[in-house]
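> Contents of final_31.pdb (PDB, C-alpha atoms):
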ATOM      1  CA  MET V 381     116.430 -18.394  69.488
ATOM      2  CA  ALA V 382     113.909 -21.031  68.472
ATOM      3  CA  ILE V 383     111.017 -19.933  66.300
ATOM      4  CA  PRO V 384     107.723 -21.668  67.117
ATOM      5  CA  ASN V 385     106.204 -23.794  64.340
ATOM      6  CA  GLU V 386     103.122 -21.565  64.258
ATOM      7  CA  THR V 387     105.297 -18.536  63.532
ATOM      8  CA  LEU V 388     107.180 -20.396  60.805
ATOM      9  CA  GLN V 389     103.900 -21.437  59.192
ATOM     10  CA  ALA V 390     102.673 -17.816  59.266
ATOM     11  CA  MET V 391     105.934 -16.562  57.740
ATOM     12  CA  ILE V 392     105.823 -19.146  54.959
ATOM     13  CA  GLN V 393     102.203 -18.374  54.148
ATOM     14  CA  SER V 394     102.834 -14.611  54.117
ATOM     15  CA  PHE V 395     105.214 -15.243  51.197
ATOM     16  CA  ASN V 396     102.548 -17.282  49.383
ATOM     17  CA  GLY V 397     104.261 -20.473  50.425
ATOM     18  CA  PHE V 398     102.655 -23.801  51.139
ATOM     19  CA  THR V 399     101.682 -25.467  54.395
ATOM     20  CA  LEU V 400     104.257 -27.766  55.957
ATOM     21  CA  THR V 401     103.556 -30.365  58.590
ATOM     22  CA  ASP V 402     105.219 -30.116  62.006
ATOM     23  CA  GLU V 403     107.388 -33.078  60.998
ATOM     24  CA  GLU V 404     108.561 -31.281  57.858
ATOM     25  CA  LEU V 405     109.304 -28.143  59.862
ATOM     26  CA  GLU V 406     111.346 -30.169  62.347
ATOM     27  CA  ARG V 407     113.422 -31.581  59.485
ATOM     28  CA  LEU V 408     114.110 -28.009  58.308
ATOM     29  CA  ARG V 409     114.797 -26.646  61.778
ATOM     30  CA  PRO V 410     118.555 -27.520  61.939
ATOM     31  CA  GLU V 411     119.196 -25.540  58.737
ATOM     32  CA  LEU V 412     117.056 -22.654  59.937
ATOM     33  CA  ASP V 413     118.806 -22.581  63.325
ATOM     34  CA  ASN V 414     122.199 -22.607  61.586
ATOM     35  CA  TYR V 415     121.113 -19.716  59.351
ATOM     36  CA  ILE V 416     119.960 -17.706  62.373
ATOM     37  CA  ARG V 417     123.266 -18.362  64.200
ATOM     38  CA  GLU V 418     125.248 -17.183  61.178
ATOM     39  CA  MET V 419     123.102 -14.050  60.874
ATOM     40  CA  GLU V 420     123.788 -13.264  64.533
ATOM     41  CA  LYS V 421     127.531 -13.573  63.861
ATOM     42  CA  LEU V 422     127.201 -11.063  61.015
ATOM     43  CA  ARG V 423     125.353  -8.633  63.280
ATOM     44  CA  GLU V 424     128.209  -8.835  65.793
ATOM     45  CA  LEU V 425     130.928  -7.946  63.269
ATOM     46  CA  ASN V 426     132.753  -4.702  63.975
ATOM     47  CA  LEU V 427     132.818  -2.942  60.625
ATOM     48  CA  ALA V 428     133.857   0.448  61.970
ATOM     49  CA  ASP V 429     137.142   0.405  60.036
ATOM     50  CA  VAL V 430     135.746  -0.996  56.782
ATOM     51  CA  MET V 431     135.045   1.455  53.988
ATOM     52  CA  SER V 432     131.603   1.089  52.495
ATOM     53  CA  SER V 433     131.628  -0.197  48.935
ATOM     54  CA  ARG V 434     128.800   2.240  48.236
ATOM     55  CA  LEU V 435     131.372   5.029  48.488
ATOM     56  CA  ILE V 436     133.627   3.538  45.813
ATOM     57  CA  ARG V 437     132.714   4.438  42.252
ATOM     58  CA  ALA V 438     134.504   3.034  39.229
ATOM     59  CA  GLN V 439     135.635   5.552  36.641
ATOM     60  CA  GLU V 440     133.939   4.861  33.341
ATOM     61  CA  GLY V 441     136.297   3.805  30.575
ATOM     62  CA  GLU V 442     139.139   2.844  32.900
ATOM     63  CA  ALA V 443     140.321  -0.717  33.463
ATOM     64  CA  ILE V 444     140.474  -1.913  37.008
TER      65      ILE V 444
END
As structure tokens, how would this structure be written, given the file I've shared?


Amino acid sequence: MAIPNETLQAMIQSFNGFTLTDEELERLRPELDNYIREMEKLRELNLADVMSSRLIRAQEGEAI
């Protein structure tokens, strides 16, 4: 899923970033594409049998 340079520029500027040239964006693109691929892998994980860590509460005063 390639993100057009115009979209990348808009995203960067919406976070008060700075303007990058198309050449600079192309140098960043391999890292960005890798990040997106890894995020897709995370979305595909089946976590149905994994207990949420939000449900686990440590008892105060007890060592783990």

> If you count all atoms listed in the file, which residues fall within 8 Å of segment 400-405 of chain V, apart from same-chain ones fewer than 2 positions away, as a VMD selection string?

chain V and resid 385 389 398 407 to 409

> Work out how far apart atom CA of Tyr415 of chain V and atom CA of Ala382 of chain V are and give it in Å to one decimal.

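Distance reported for this atom pair: 11.7 Å.
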
> May I ask for the distance between atom CA of Ala390 of chain V and atom CA of Glu420 of chain V, given in Å to one decimal place?

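Interatomic distance, atom CA of Ala390 of chain V to atom CA of Glu420 of chain V: 22.2 Å.
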
> One decimal, in Å: what's the spacing between atom CA of Arg437 of chain V and atom CA of Met419 of chain V?

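Separation of atom CA of Arg437 of chain V and atom CA of Met419 of chain V: 27.9 Å.
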
> With 3 Å added on each side, what axis-aligned box encloses every listed atom of segment 404-411 of chain V? Give the centre and edge lengths in Å to one decimal, as JSON.


{"center_x": 113.9, "center_y": -28.6, "center_z": 60.1, "size_x": 16.6, "size_y": 12.0, "size_z": 10.5}
